[in-house]
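> CSV, C-alpha atoms and all ligand atoms, file my_file_28.csv:
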chain,number,residue,atom,x,y,z
A,30,MET,CA,9.1,10.1,-42.0
A,31,ASN,CA,11.8,9.2,-44.7
A,32,ASP,CA,11.3,7.7,-48.2
A,33,THR,CA,11.7,4.1,-47.1
A,34,GLU,CA,8.9,4.3,-44.6
A,35,PRO,CA,5.6,3.0,-45.9
A,36,VAL,CA,2.7,5.4,-46.4
A,37,LEU,CA,-0.3,4.9,-44.1
A,38,PRO,CA,-3.8,4.3,-45.6
A,39,ALA,CA,-5.8,7.5,-45.8
A,40,ARG,CA,-8.2,8.0,-42.8
A,41,THR,CA,-6.6,5.7,-40.2
A,42,ALA,CA,-8.3,6.1,-36.8
A,43,ILE,CA,-5.9,5.3,-34.0
A,44,VAL,CA,-7.6,4.6,-30.7
A,45,LEU,CA,-5.3,5.1,-27.7
A,46,PHE,CA,-6.4,3.2,-24.6
A,47,ASN,CA,-5.6,4.0,-21.0
A,48,LEU,CA,-7.2,3.5,-17.6
A,49,GLY,CA,-8.5,7.0,-17.1
A,50,GLY,CA,-8.8,8.9,-13.9
A,51,PRO,CA,-11.2,11.2,-12.0
A,52,ASP,CA,-11.7,14.6,-13.5
A,53,GLY,CA,-12.8,16.2,-10.2
A,54,ALA,CA,-13.5,15.4,-6.5
A,55,ASP,CA,-17.0,14.0,-7.3
A,56,SER,CA,-15.7,11.4,-9.7
A,57,ILE,CA,-13.2,9.8,-7.4
A,58,LYS,CA,-15.7,7.4,-5.9
A,59,PRO,CA,-17.5,6.3,-9.1
A,60,PHE,CA,-14.2,6.0,-10.9
A,61,ARG,CA,-12.9,3.6,-8.2
A,62,VAL,CA,-16.2,1.7,-8.1
A,63,ASN,CA,-16.0,1.2,-12.0
A,64,LEU,CA,-12.5,-0.1,-11.6
A,65,PHE,CA,-13.3,-2.6,-8.9
A,66,SER,CA,-16.5,-3.7,-10.7
A,67,ASP,CA,-14.4,-4.9,-13.7
A,68,PRO,CA,-14.4,-8.7,-13.9
A,69,ALA,CA,-10.8,-8.5,-15.2
A,70,ILE,CA,-9.8,-6.9,-11.9
A,71,ILE,CA,-12.0,-8.6,-9.3
A,72,ARG,CA,-12.6,-12.1,-10.4
A,73,ALA,CA,-15.8,-13.0,-8.5
A,74,PRO,CA,-19.3,-13.8,-9.8
A,75,ILE,CA,-21.3,-10.6,-10.6
A,76,PHE,CA,-23.6,-10.6,-7.5
A,77,ILE,CA,-20.6,-10.8,-5.2
A,78,ARG,CA,-18.5,-8.4,-7.3
A,79,PHE,CA,-21.2,-5.7,-7.1
A,80,TRP,CA,-20.8,-5.5,-3.3
A,81,LEU,CA,-17.2,-6.3,-3.1
A,82,ALA,CA,-16.4,-3.5,-5.5
A,83,ARG,CA,-18.1,-0.9,-3.3
A,84,LEU,CA,-16.5,-2.4,-0.2
A,85,ILE,CA,-12.9,-2.3,-1.6
A,86,ALA,CA,-13.5,1.1,-3.2
A,87,ALA,CA,-14.7,2.5,0.1
A,88,SER,CA,-11.8,1.0,2.1
A,89,ALA,CA,-9.1,3.4,0.8
A,90,GLN,CA,-11.3,6.2,-0.4
A,91,SER,CA,-9.9,8.9,1.9
A,92,LYS,CA,-6.3,7.9,1.0
A,93,ALA,CA,-7.3,8.2,-2.7
A,94,GLU,CA,-9.0,11.6,-2.1
A,95,GLU,CA,-5.8,12.9,-0.4
A,96,GLY,CA,-3.7,11.7,-3.3
A,97,TYR,CA,-5.9,13.4,-5.9
A,98,ALA,CA,-6.0,16.5,-3.8
A,99,MET,CA,-2.1,16.6,-4.0
A,100,MET,CA,-2.5,16.7,-7.8
A,101,GLY,CA,-5.0,19.6,-7.8
A,102,GLY,CA,-8.1,17.5,-7.2
A,103,LYS,CA,-8.0,15.4,-10.4
A,104,SER,CA,-6.0,13.0,-12.5
A,105,PRO,CA,-3.6,14.5,-15.1
A,106,LEU,CA,-3.9,11.4,-17.2
A,107,LEU,CA,-6.4,12.6,-19.8
A,108,GLU,CA,-4.5,15.8,-20.5
A,109,LEU,CA,-1.2,14.0,-20.8
A,110,THR,CA,-2.7,11.4,-23.1
A,111,GLN,CA,-4.2,14.2,-25.2
A,112,ARG,CA,-0.7,15.6,-25.7
A,113,GLN,CA,0.5,12.1,-26.7
A,114,ALA,CA,-2.4,11.8,-29.1
A,115,ASP,CA,-1.6,15.3,-30.7
A,116,ALA,CA,2.0,14.5,-31.1
A,117,LEU,CA,1.3,11.0,-32.6
A,118,GLU,CA,-1.2,12.5,-35.0
A,119,ALA,CA,1.4,15.0,-36.2
A,120,SER,CA,3.9,12.2,-36.8
A,121,LEU,CA,1.4,10.1,-38.8
A,122,PRO,CA,-0.2,12.1,-41.6
A,123,GLY,CA,-3.6,10.7,-42.6
A,124,SER,CA,-4.3,9.5,-39.1
A,125,LYS,CA,-6.6,10.8,-36.4
A,126,CYS,CA,-6.1,9.8,-32.8
A,127,PHE,CA,-9.0,9.1,-30.4
A,128,ILE,CA,-8.7,8.4,-26.7
A,129,ALA,CA,-10.7,5.7,-24.9
A,130,MET,CA,-10.5,5.4,-21.1
A,131,ARG,CA,-11.5,2.3,-19.3
A,132,TYR,CA,-13.0,3.6,-16.0
A,133,TRP,CA,-13.8,7.3,-16.6
A,134,HIS,CA,-14.6,9.6,-19.5
A,135,PRO,CA,-14.1,9.4,-22.4
A,136,PHE,CA,-15.6,5.9,-22.3
A,137,ALA,CA,-15.3,3.5,-25.2
A,138,GLY,CA,-19.0,3.9,-26.1
A,139,GLU,CA,-18.6,7.7,-26.7
A,140,VAL,CA,-15.4,7.2,-28.6
A,141,ALA,CA,-16.8,4.5,-30.9
A,142,GLN,CA,-19.5,6.9,-32.0
A,143,ALA,CA,-16.9,9.6,-32.7
A,144,VAL,CA,-14.8,7.2,-34.7
A,145,LYS,CA,-17.8,6.1,-36.7
A,146,ALA,CA,-18.7,9.7,-37.5
A,147,TRP,CA,-15.2,10.3,-38.8
A,148,ALA,CA,-15.7,7.3,-41.2
A,149,PRO,CA,-12.2,5.8,-41.2
A,150,GLU,CA,-10.8,3.3,-43.8
A,151,ARG,CA,-8.9,1.5,-41.1
A,152,ILE,CA,-8.7,1.4,-37.3
A,153,LEU,CA,-5.6,0.7,-35.1
A,154,LEU,CA,-6.3,-0.2,-31.5
A,155,LEU,CA,-3.2,0.9,-29.6
A,156,PRO,CA,-3.2,0.3,-25.9
A,157,LEU,CA,-0.9,2.7,-24.0
A,158,TYR,CA,0.2,-0.2,-21.8
A,159,PRO,CA,3.6,-1.4,-23.1
A,160,GLN,CA,3.1,-4.8,-21.4
A,161,PHE,CA,0.0,-6.9,-21.8
A,162,SER,CA,-2.2,-7.6,-18.8
A,163,THR,CA,-5.7,-9.0,-18.8
A,164,THR,CA,-6.4,-6.3,-16.2
A,165,THR,CA,-5.4,-3.4,-18.5
A,166,THR,CA,-4.9,-4.2,-22.2
A,167,GLY,CA,-7.3,-7.1,-22.2
A,168,SER,CA,-10.0,-5.3,-20.3
A,169,SER,CA,-9.7,-2.2,-22.5
A,170,LEU,CA,-9.8,-4.1,-25.8
A,171,ALA,CA,-12.8,-6.3,-24.7
A,172,ASP,CA,-14.6,-3.1,-23.6
A,173,TRP,CA,-13.9,-1.5,-27.0
A,174,HIS,CA,-15.2,-4.5,-28.9
A,175,ASP,CA,-18.4,-4.4,-27.0
A,176,ALA,CA,-18.8,-0.7,-27.6
A,177,ALA,CA,-17.9,-1.0,-31.3
A,178,ALA,CA,-20.4,-3.8,-31.8
A,179,LYS,CA,-23.2,-1.8,-30.1
A,180,THR,CA,-22.3,1.3,-32.2
A,181,GLY,CA,-22.3,-0.8,-35.5
A,182,LEU,CA,-18.7,0.2,-36.2
A,183,VAL,CA,-17.5,-2.3,-38.8
A,184,VAL,CA,-14.2,-1.2,-40.2
A,185,PRO,CA,-11.0,-3.3,-40.8
A,186,THR,CA,-9.2,-3.2,-37.5
A,187,THR,CA,-5.6,-3.9,-36.4
A,188,THR,CA,-5.0,-4.7,-32.8
A,189,LEU,CA,-1.7,-4.3,-31.0
A,190,CYS,CA,-1.5,-6.4,-27.8
A,191,CYS,CA,1.7,-5.1,-26.5
A,192,TRP,CA,5.1,-3.5,-27.4
A,193,TYR,CA,7.2,-4.2,-24.3
A,194,ASP,CA,10.3,-5.2,-26.4
A,195,ASP,CA,10.2,-2.6,-29.1
A,196,PRO,CA,13.8,-1.5,-29.6
A,197,ALA,CA,12.9,2.2,-30.1
A,198,PHE,CA,10.7,2.2,-27.0
A,199,ALA,CA,13.5,0.6,-25.0
A,200,ALA,CA,15.9,3.2,-26.2
A,201,ALA,CA,13.5,6.0,-25.3
A,202,ILE,CA,13.1,4.7,-21.7
A,203,ALA,CA,16.8,4.2,-21.5
A,204,GLY,CA,17.4,7.8,-22.5
A,205,LEU,CA,15.1,9.0,-19.6
A,206,VAL,CA,16.8,6.7,-17.2
A,207,MET,CA,20.3,7.7,-18.1
A,208,ARG,CA,19.5,11.4,-17.8
A,209,THR,CA,18.2,10.8,-14.2
A,210,LEU,CA,21.2,8.6,-13.4
A,211,ALA,CA,23.6,11.4,-14.6
A,212,THR,CA,21.8,13.8,-12.2
A,213,ALA,CA,22.1,11.3,-9.3
A,214,ARG,CA,25.8,10.7,-10.1
A,215,ALA,CA,26.5,14.5,-10.3
A,216,GLU,CA,24.7,15.2,-7.0
A,217,LEU,CA,25.7,12.3,-4.8
A,218,PRO,CA,29.2,12.0,-3.2
A,219,ALA,CA,31.7,10.3,-5.5
A,220,GLY,CA,31.5,6.5,-5.3
A,221,THR,CA,28.0,6.3,-3.8
A,222,PRO,CA,26.5,3.0,-5.1
A,223,ILE,CA,23.3,3.5,-7.2
A,224,ARG,CA,20.6,0.9,-8.0
A,225,LEU,CA,18.0,1.3,-10.8
A,226,LEU,CA,14.6,0.2,-9.4
A,227,PHE,CA,12.2,-0.7,-12.3
A,228,SER,CA,8.9,-0.2,-10.5
A,229,ALA,CA,5.9,-1.7,-12.3
A,230,HIS,CA,2.2,-1.7,-11.2
A,231,GLY,CA,1.7,-4.9,-9.2
A,232,LEU,CA,-1.0,-7.6,-9.7
A,233,PRO,CA,-2.6,-10.2,-7.5
A,234,GLU,CA,-0.4,-13.3,-7.6
A,235,SER,CA,-3.5,-15.4,-8.5
A,236,ILE,CA,-3.9,-13.4,-11.8
A,237,ILE,CA,-0.3,-14.3,-12.8
A,238,LYS,CA,-0.9,-17.9,-11.9
A,239,ALA,CA,-4.0,-18.0,-14.1
A,240,GLY,CA,-1.7,-17.2,-17.1
A,241,ASP,CA,-1.4,-13.4,-17.3
A,242,PRO,CA,1.9,-12.7,-19.1
A,243,TYR,CA,2.4,-9.2,-17.5
A,244,GLN,CA,5.2,-10.1,-15.1
A,245,GLU,CA,7.2,-11.9,-17.8
A,246,GLU,CA,6.7,-8.9,-20.1
A,247,VAL,CA,7.8,-6.4,-17.4
A,248,GLU,CA,10.9,-8.5,-16.9
A,249,ALA,CA,11.7,-8.8,-20.6
A,250,CYS,CA,11.0,-5.0,-21.1
A,251,THR,CA,13.5,-4.2,-18.3
A,252,GLU,CA,16.1,-6.4,-19.9
A,253,ALA,CA,15.6,-4.6,-23.2
A,254,VAL,CA,16.1,-1.2,-21.5
A,255,MET,CA,19.1,-2.5,-19.5
A,256,ASP,CA,20.8,-3.8,-22.7
A,257,VAL,CA,20.6,-0.3,-24.2
A,258,ILE,CA,22.0,1.3,-21.0
A,259,THR,CA,24.8,-1.2,-20.7
A,260,ARG,CA,25.8,-0.6,-24.3
A,261,ALA,CA,25.6,3.2,-24.0
A,262,LEU,CA,27.5,3.5,-20.7
A,263,GLY,CA,29.9,0.5,-21.3
A,264,GLU,CA,29.1,-0.7,-17.7
A,265,ARG,CA,26.5,-2.9,-16.0
A,266,VAL,CA,24.5,-0.8,-13.7
A,267,ASP,CA,22.9,-2.5,-10.6
A,268,TYR,CA,19.2,-2.9,-11.1
A,269,GLN,CA,16.1,-4.7,-9.7
A,270,VAL,CA,12.4,-5.1,-10.8
A,271,CYS,CA,9.7,-4.5,-8.2
A,272,PHE,CA,6.0,-4.0,-8.0
A,273,GLN,CA,4.0,-1.1,-6.5
A,274,SER,CA,0.4,-0.1,-5.8
A,275,ARG,CA,-1.1,-3.1,-4.0
A,276,ALA,CA,-4.8,-2.3,-3.9
A,277,THR,CA,-6.5,-5.5,-2.5
A,278,PRO,CA,-5.9,-7.7,0.5
A,279,GLN,CA,-4.8,-10.7,-1.6
A,280,GLN,CA,-1.2,-11.8,-2.0
A,281,TRP,CA,0.4,-9.6,-4.8
A,282,ILE,CA,3.5,-10.3,-6.8
A,283,GLU,CA,6.8,-9.5,-5.1
A,284,PRO,CA,9.2,-7.9,-4.4
A,285,SER,CA,7.1,-4.9,-3.6
A,286,THR,CA,8.7,-1.5,-4.3
A,287,GLU,CA,8.7,-0.9,-0.6
A,288,GLN,CA,10.7,-4.2,0.0
A,289,ALA,CA,13.1,-3.1,-2.8
A,290,ILE,CA,13.7,0.2,-1.0
A,291,GLU,CA,14.3,-1.6,2.3
A,292,LYS,CA,16.8,-3.9,0.5
A,293,ALA,CA,18.5,-0.8,-1.0
A,294,ALA,CA,18.7,0.7,2.6
A,295,HIS,CA,20.2,-2.6,3.8
A,296,ASP,CA,22.8,-2.6,1.0
A,297,GLY,CA,23.6,1.1,1.5
A,298,THR,CA,22.7,2.1,-2.1
A,299,ALA,CA,20.9,5.1,-3.5
A,300,VAL,CA,18.1,4.4,-5.9
A,301,VAL,CA,16.7,5.7,-9.2
A,302,VAL,CA,13.1,4.6,-9.5
A,303,ILE,CA,11.8,4.0,-13.0
A,304,PRO,CA,8.0,3.7,-13.7
A,305,ILE,CA,8.3,1.0,-16.3
A,306,ALA,CA,4.7,0.1,-16.8
A,307,PHE,CA,3.2,3.6,-17.1
A,308,VAL,CA,3.7,5.9,-20.1
A,309,SER,CA,2.2,9.0,-18.3
A,310,GLU,CA,2.5,10.6,-14.9
A,311,HIS,CA,-0.5,10.0,-12.7
A,312,ILE,CA,-1.4,9.3,-9.0
A,313,GLU,CA,0.9,6.3,-8.8
A,314,THR,CA,4.0,8.2,-10.0
A,315,LEU,CA,3.3,11.7,-8.6
A,316,VAL,CA,2.0,10.6,-5.2
A,317,GLU,CA,3.1,7.0,-4.6
A,318,LEU,CA,6.6,7.3,-6.0
A,319,ASP,CA,7.3,11.0,-5.4
A,320,VAL,CA,5.8,11.4,-2.0
A,321,GLU,CA,5.1,8.0,-0.2
A,322,TYR,CA,8.1,6.0,-1.3
A,323,ARG,CA,10.4,9.0,-1.0
A,324,GLU,CA,9.3,9.3,2.6
A,325,VAL,CA,10.1,5.6,3.2
A,326,ALA,CA,13.5,6.1,1.6
A,327,GLU,CA,14.2,9.1,3.8
A,328,LYS,CA,13.1,7.3,6.9
A,329,LEU,CA,15.5,4.5,6.1
A,330,HIS,CA,18.4,6.9,5.4
A,331,LEU,CA,18.9,5.8,1.8
A,332,PRO,CA,22.0,7.7,0.4
A,333,GLY,CA,19.7,9.1,-2.3
A,334,TYR,CA,16.2,8.8,-3.9
A,335,TYR,CA,15.7,9.8,-7.6
A,336,ARG,CA,12.8,9.2,-10.0
A,337,ALA,CA,13.0,9.0,-13.8
A,338,PRO,CA,10.1,10.7,-15.5
A,339,ALA,CA,7.3,8.8,-17.2
A,340,PRO,CA,7.6,9.2,-21.0
A,341,ASN,CA,4.6,11.5,-21.5
A,342,ASP,CA,5.2,13.3,-24.8
A,343,ASP,CA,9.0,12.9,-24.8
A,344,PRO,CA,10.0,13.1,-28.5
A,345,ALA,CA,11.9,9.8,-28.6
A,346,PHE,CA,8.9,8.0,-27.0
A,347,ILE,CA,6.5,9.5,-29.5
A,348,ALA,CA,8.8,8.6,-32.4
A,349,ALA,CA,8.9,5.0,-31.0
A,350,LEU,CA,5.1,4.9,-30.7
A,351,ALA,CA,4.7,6.3,-34.3
A,352,GLY,CA,7.0,3.5,-35.6
A,353,ILE,CA,5.0,0.9,-33.7
A,354,ALA,CA,1.8,2.2,-35.1
A,355,ARG,CA,3.0,2.6,-38.6
A,356,ARG,CA,4.4,-0.9,-38.8
A,357,ALA,CA,1.2,-2.4,-37.3
A,358,ILE,CA,-1.1,-0.6,-39.8
A,359,VAL,CA,1.1,-1.3,-42.9
A,360,HIS,CA,1.6,-4.9,-42.1
A,361,GLY,CA,-2.1,-5.6,-42.1
A,362,ASP,CA,-4.8,-6.7,-39.7
A,363,GLY,CA,-3.2,-9.6,-38.0
A,364,LEU,CA,-4.4,-10.0,-34.4
A,365,CYS,CA,-1.1,-8.8,-33.1
A,366,SER,CA,1.2,-7.0,-35.5
A,367,HIS,CA,3.9,-5.8,-33.3
A,368,ARG,CA,6.4,-8.2,-34.7
A,369,GLY,CA,6.1,-7.2,-38.4
A,370,GLY,CA,2.7,-8.8,-38.9
A,371,ARG,CA,3.4,-12.1,-37.3
A,372,SER,CA,1.6,-13.2,-34.2
A,373,CYS,CA,3.5,-12.4,-31.0
A,374,THR,CA,5.6,-15.0,-29.3
A,375,VAL,CA,4.3,-14.4,-25.8
A,376,ARG,CA,3.9,-17.9,-24.2
A,377,ASN,CA,4.3,-20.5,-26.9
A,378,SER,CA,3.6,-18.2,-29.8
A,379,ASP,CA,-0.1,-17.6,-28.9
A,380,CYS,CA,-1.2,-14.0,-28.3
A,381,PRO,CA,-2.6,-13.4,-24.8
A,382,TRP,CA,-5.3,-11.2,-26.4
A,383,ALA,CA,-6.4,-14.2,-28.4
A,384,ARG,CA,-6.7,-16.2,-25.2
A,385,TYR,CA,-8.4,-13.4,-23.3
A,386,ARG,CA,-11.7,-15.2,-22.9
A,387,ALA,CA,-9.9,-18.3,-21.5
A,388,LEU,CA,-7.9,-16.1,-19.1
A,389,VAL,CA,-10.9,-13.9,-18.0
A,390,PRO,CA,-14.2,-15.8,-18.4
A,391,ALA,CA,-17.1,-13.4,-19.1
B,401,LIG,C1,-6.9,-4.7,-8.0
B,401,LIG,C2,-6.7,-3.5,-8.3
B,401,LIG,C3,-5.8,-3.0,-9.4
B,401,LIG,C4,-5.1,-3.6,-10.4
B,401,LIG,C5,-5.0,-5.1,-10.7
B,401,LIG,C6,-4.5,-2.6,-11.2
B,401,LIG,C7,-3.7,-2.8,-12.3
B,401,LIG,C8,-3.0,-1.8,-13.0
B,401,LIG,N1,-3.3,-0.5,-13.0
B,401,LIG,C9,-2.4,0.2,-13.9
B,401,LIG,C10,-2.4,1.6,-14.1
B,401,LIG,C11,-3.2,2.5,-13.5
B,401,LIG,N2,-3.9,2.4,-12.3
B,401,LIG,C12,-4.5,3.5,-12.0
B,401,LIG,C13,-5.3,3.8,-10.9
B,401,LIG,C14,-5.8,2.8,-10.0
B,401,LIG,N3,-5.5,1.4,-10.1
B,401,LIG,C15,-6.2,0.8,-9.0
B,401,LIG,C16,-6.2,-0.6,-8.8
B,401,LIG,C17,-5.7,-1.6,-9.6
B,401,LIG,N4,-4.9,-1.4,-10.7
B,401,LIG,C18,-6.8,1.9,-8.3
B,401,LIG,C19,-7.6,1.6,-7.0
B,401,LIG,C20,-6.6,3.1,-8.9
B,401,LIG,C21,-7.1,4.4,-8.5
B,401,LIG,C22,-6.1,5.2,-7.7
B,401,LIG,C23,-6.4,5.2,-6.3
B,401,LIG,O1,-7.6,5.3,-6.0
B,401,LIG,O2,-5.5,5.0,-5.5
B,401,LIG,C24,-4.2,4.5,-13.0
B,401,LIG,C25,-4.8,5.9,-13.1
B,401,LIG,C26,-4.5,6.8,-12.0
B,401,LIG,C27,-5.0,8.2,-12.1
B,401,LIG,O3,-4.3,9.1,-12.6
B,401,LIG,O4,-6.1,8.5,-11.7
B,401,LIG,C28,-3.4,3.9,-13.9
B,401,LIG,C29,-2.8,4.5,-15.2
B,401,LIG,C30,-1.6,-0.8,-14.5
B,401,LIG,C31,-0.6,-0.5,-15.5
B,401,LIG,C32,-2.0,-2.1,-14.0
B,401,LIG,C33,-1.5,-3.4,-14.2
B,401,LIG,C34,-0.7,-3.8,-15.1
B,402,FE,FE,-4.0,0.5,-11.2
B,403,FE,FE,0.1,-10.4,-29.3
The structure given in the file should be rewritten as structure tokens.

Amino acid sequence: MNDTEPVLPARTAIVLFNLGGPDGADSIKPFRVNLFSDPAIIRAPIFIRFWLARLIAASAQSKAEEGYAMMGGKSPLLELTQRQADALEASLPGSKCFIAMRYWHPFAGEVAQAVKAWAPERILLLPLYPQFSTTTTGSSLADWHDAAAKTGLVVPTTTLCCWYDDPAFAAAIAGLVMRTLATARAELPAGTPIRLLFSAHGLPESIIKAGDPYQEEVEACTEAVMDVITRALGERVDYQVCFQSRATPQQWIEPSTEQAIEKAAHDGTAVVVIPIAFVSEHIETLVELDVEYREVAEKLHLPGYYRAPAPNDDPAFIAALAGIARRAIVHGDGLCSHRGGRSCTVRNSDCPWARYRALVPA
């Protein structure tokens, strides 16, 4: 922190949100049932959703078990998020970071009680999803509000809906990408064409059509990262946005990451895959990107397949997150403070979190 940076109010509780993951073999099934029971994910009436959730969860259960087995039997997400929380807390004196996961422990209810016991003067709700989606950010924030109300936690609260275009965040991601690109260029035969594949988690097309701004924010986020890379390297590197992790039978947004790899094979280009919607390593990076898509790339004889790391506790990423948090807290408790206290400009200036109930009826 330098002298020009505003001081945080004393006792600021920062609640970090992520999806969560199983902490052992026994929790894979209930974690997946919790996920598919969320009305933000499966948009069906409750009595249909109850059965549908169990059916969909059961359908790829053994594949999920294999994936978690490859990571030592559990998700690394909580441990990595704890490292982010510790690093953020160290950068923001007067704050204490709490972690609330959406589909496995620590659940919002447990966390709201811990926050209340700490007696903060102010709370910042900071979703660890750079881009807003009703299925992630919206669902986590709605869950928190229910839990806080049940706990009787009444403290001035600032809510961040998204930070996909934060310049320091874009620079942190660009740094990770350029390091991987440099490795690829050093290892591949001179002149091998390389494409950057910005791979985001996919969504059912119907959710985007219902007004979810996620795809737009992923594209804008990619543009912000590409601007930094272009300026730093003095050249325009080839790139494409694509979407991974299709988890239901519906039509999902395209191009899929698999289609993008097929296109790269057709064009004879190597790829550097960038997980643009995840800030921590987890099953969808360590298994899907590093094992499954790598196999696809090898089968299609791509000249090279590289993967940029997720930010985890990369110092530039933590510094970006600290800047985002500090500005949000200091500029007051607007609904969405990521643009210096003004409401965000996502879709005609209204914040998607403000419209959550219209996008996902209770
Ligand atoms: C309809 C299903 C799903 C949607 C929509 C979805 C959106 C979405 N998810 C993330 C980030 C994560 N997803 C994770 C796990 C996970 N997600 C789904 C399904 C949907 N996700 C499933 C079934 C699972 C479990 C993994 C599996 O069983 O294969 C995780 C945590 C993974 C872990 O480490 O355990 C994250 C993080 C985003 C960003 C997103 C939409 C924007
Ligand atoms: Fe997911
Ligand atoms: Fe907003």
> For ligand FE 403 (chain B), which residue out of A:Tyr385, A:Phe307, A:Tyr132, A:Tyr322 is the nearest one, using all atoms listed in the file?
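Distance minimum relative to ligand FE 403 (chain B) lands on A:Tyr385.
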> Measure the distance from atom CA of Cys190 of chain A to atom C7 of ligand LIG 401 (chain B) in Å and round it to one decimal.
16.1 Å
> Could you tell me how far atom CA of Asp194 of chain A lies from atom CA of Ser120 of chain A, in Å and to one decimal?
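Separating atom CA of Asp194 of chain A from atom CA of Ser120 of chain A is a distance of 21.3 Å.
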> Identify, on the basis of all atoms listed in the file, every residue whose closest approach to Gly240 of chain A does not exceed 12 Å; exclude the query and any residue fewer than 3 positions from it along the same chain; express the result as a VMD selection string.
chain A and resid 161 to 164 233 to 237 243 to 245 375 to 377 379 to 382 384 to 389
> Take the point (-15.7, 1.7, -5.2) in the file's coordinates, draw a sphere of radius 9 Å around it, and report as a list in words every protein, DNA or RNA residue with an atom inside or on it, counting only C-alpha atoms.
Ile57, Lys58, Pro59, Phe60, Arg61, Val62, Asn63, Leu64, Phe65, Ser66, Leu81, Ala82, Arg83, Leu84, Ile85, Ala86, Ala87, Ser88 and Gln90 of chain A
> Please indicate the distance in Å from atom CA of Thr188 of chain A to atom CA of Asp343 of chain A, rounded to one decimal place.
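Between atom CA of Thr188 of chain A and atom CA of Asp343 of chain A the gap works out to 23.9 Å.
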> Identify, counting only C-alpha atoms and all ligand atoms, the protein, DNA and RNA residues located within 10 Å of ligand FE 402 (chain B), and give them as a compact mmCIF listing (two decimals) with C-alpha atoms, keeping the file's coordinate frame.

# COMPACT_ATOMS: atom_id res chain seq x y z
CA LEU A 48 -7.20 3.50 -17.60
CA GLY A 49 -8.50 7.00 -17.10
CA ARG A 61 -12.90 3.60 -8.20
CA LEU A 64 -12.50 -0.10 -11.60
CA ILE A 70 -9.80 -6.90 -11.90
CA THR A 164 -6.40 -6.30 -16.20
CA THR A 165 -5.40 -3.40 -18.50
CA HIS A 230 2.20 -1.70 -11.20
CA GLY A 231 1.70 -4.90 -9.20
CA LEU A 232 -1.00 -7.60 -9.70
CA GLN A 273 4.00 -1.10 -6.50
CA SER A 274 0.40 -0.10 -5.80
CA ARG A 275 -1.10 -3.10 -4.00
CA ALA A 276 -4.80 -2.30 -3.90
CA PHE A 307 3.20 3.60 -17.10
CA ILE A 312 -1.40 9.30 -9.00
CA GLU A 313 0.90 6.30 -8.80
> Taking 3 positions as the minimum chain separation for residues in the same chain, which residues sit within 12 Å of Thr180 of chain A when counting all atoms listed in the file? Answer as an MDAnalysis selection string.
chainID A and resid 137:146 173:177 183:184
> If we count only C-alpha atoms, what is near Gly101 of chain A at a cut-off of 12 Å, once residues fewer than 4 positions away on the same chain are taken out, given as a compact mmCIF listing (two decimals) with C-alpha atoms, in the frame of the given file?

# COMPACT_ATOMS: atom_id res chain seq x y z
CA PRO A 51 -11.20 11.20 -12.00
CA ASP A 52 -11.70 14.60 -13.50
CA GLY A 53 -12.80 16.20 -10.20
CA ALA A 54 -13.50 15.40 -6.50
CA GLU A 94 -9.00 11.60 -2.10
CA GLU A 95 -5.80 12.90 -0.40
CA GLY A 96 -3.70 11.70 -3.30
CA TYR A 97 -5.90 13.40 -5.90
CA PRO A 105 -3.60 14.50 -15.10
CA HIS A 311 -0.50 10.00 -12.70
CA ILE A 312 -1.40 9.30 -9.00
CA LEU A 315 3.30 11.70 -8.60
CA VAL A 316 2.00 10.60 -5.20
> Restricting the calculation to all atoms listed in the file: of A:Phe46, A:Tyr335, A:Trp192, A:Phe198, which residue gets closest to ligand FE 403 (chain B)?
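Under the stated criterion, the closest residue is A:Trp192.
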> Which residue is closest to Gly352 of chain A? Choose from A:Pro338, A:Pro332, A:Pro196, A:Pro156 and count only C-alpha atoms.
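Answer, going by the shortest atom-to-atom distance: A:Pro196.
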> Find the residues around Cys191 of chain A up to 7 Å (all atoms listed in the file counted), leave out those fewer than 3 positions away in its own chain, and share them as a PDB file with C-alpha atoms, keeping the file's coordinate frame.

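Now in result.pdb:
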ATOM      1  CA  TYR A 158       0.200  -0.200 -21.800  1.00  0.00           C
ATOM      2  CA  PRO A 159       3.600  -1.400 -23.100  1.00  0.00           C
ATOM      3  CA  GLN A 160       3.100  -4.800 -21.400  1.00  0.00           C
ATOM      4  CA  PHE A 161       0.000  -6.900 -21.800  1.00  0.00           C
TER       5      PHE A 161
END
> Between A:Ala239, A:Leu155, A:Ala383, A:Cys126, single out the one closest to ligand FE 403 (chain B), counting only C-alpha atoms and all ligand atoms.
A:Ala383
> N, CA and C atoms are what I want for segment 346-350 of chain A; can you complete it accordingly and write them as an mmCIF file, in the coordinates of the input?

data_model
loop_
_atom_site.group_PDB
_atom_site.id
_atom_site.type_symbol
_atom_site.label_atom_id
_atom_site.label_comp_id
_atom_site.auth_asym_id
_atom_site.auth_seq_id
_atom_site.Cartn_x
_atom_site.Cartn_y
_atom_site.Cartn_z
ATOM 1 N N PHE A 346 10.011 8.949 -27.275
ATOM 2 C CA PHE A 346 8.900 8.000 -27.000
ATOM 3 C C PHE A 346 7.838 8.125 -28.091
ATOM 4 N N ILE A 347 7.489 9.373 -28.454
ATOM 5 C CA ILE A 347 6.500 9.500 -29.500
ATOM 6 C C ILE A 347 6.947 8.958 -30.822
ATOM 7 N N ALA A 348 8.230 9.145 -31.133
ATOM 8 C CA ALA A 348 8.800 8.600 -32.400
ATOM 9 C C ALA A 348 8.677 7.046 -32.335
ATOM 10 N N ALA A 349 8.956 6.457 -31.161
ATOM 11 C CA ALA A 349 8.900 5.000 -31.000
ATOM 12 C C ALA A 349 7.409 4.539 -31.231
ATOM 13 N N LEU A 350 6.486 5.270 -30.613
ATOM 14 C CA LEU A 350 5.100 4.900 -30.700
ATOM 15 C C LEU A 350 4.589 5.042 -32.176
#
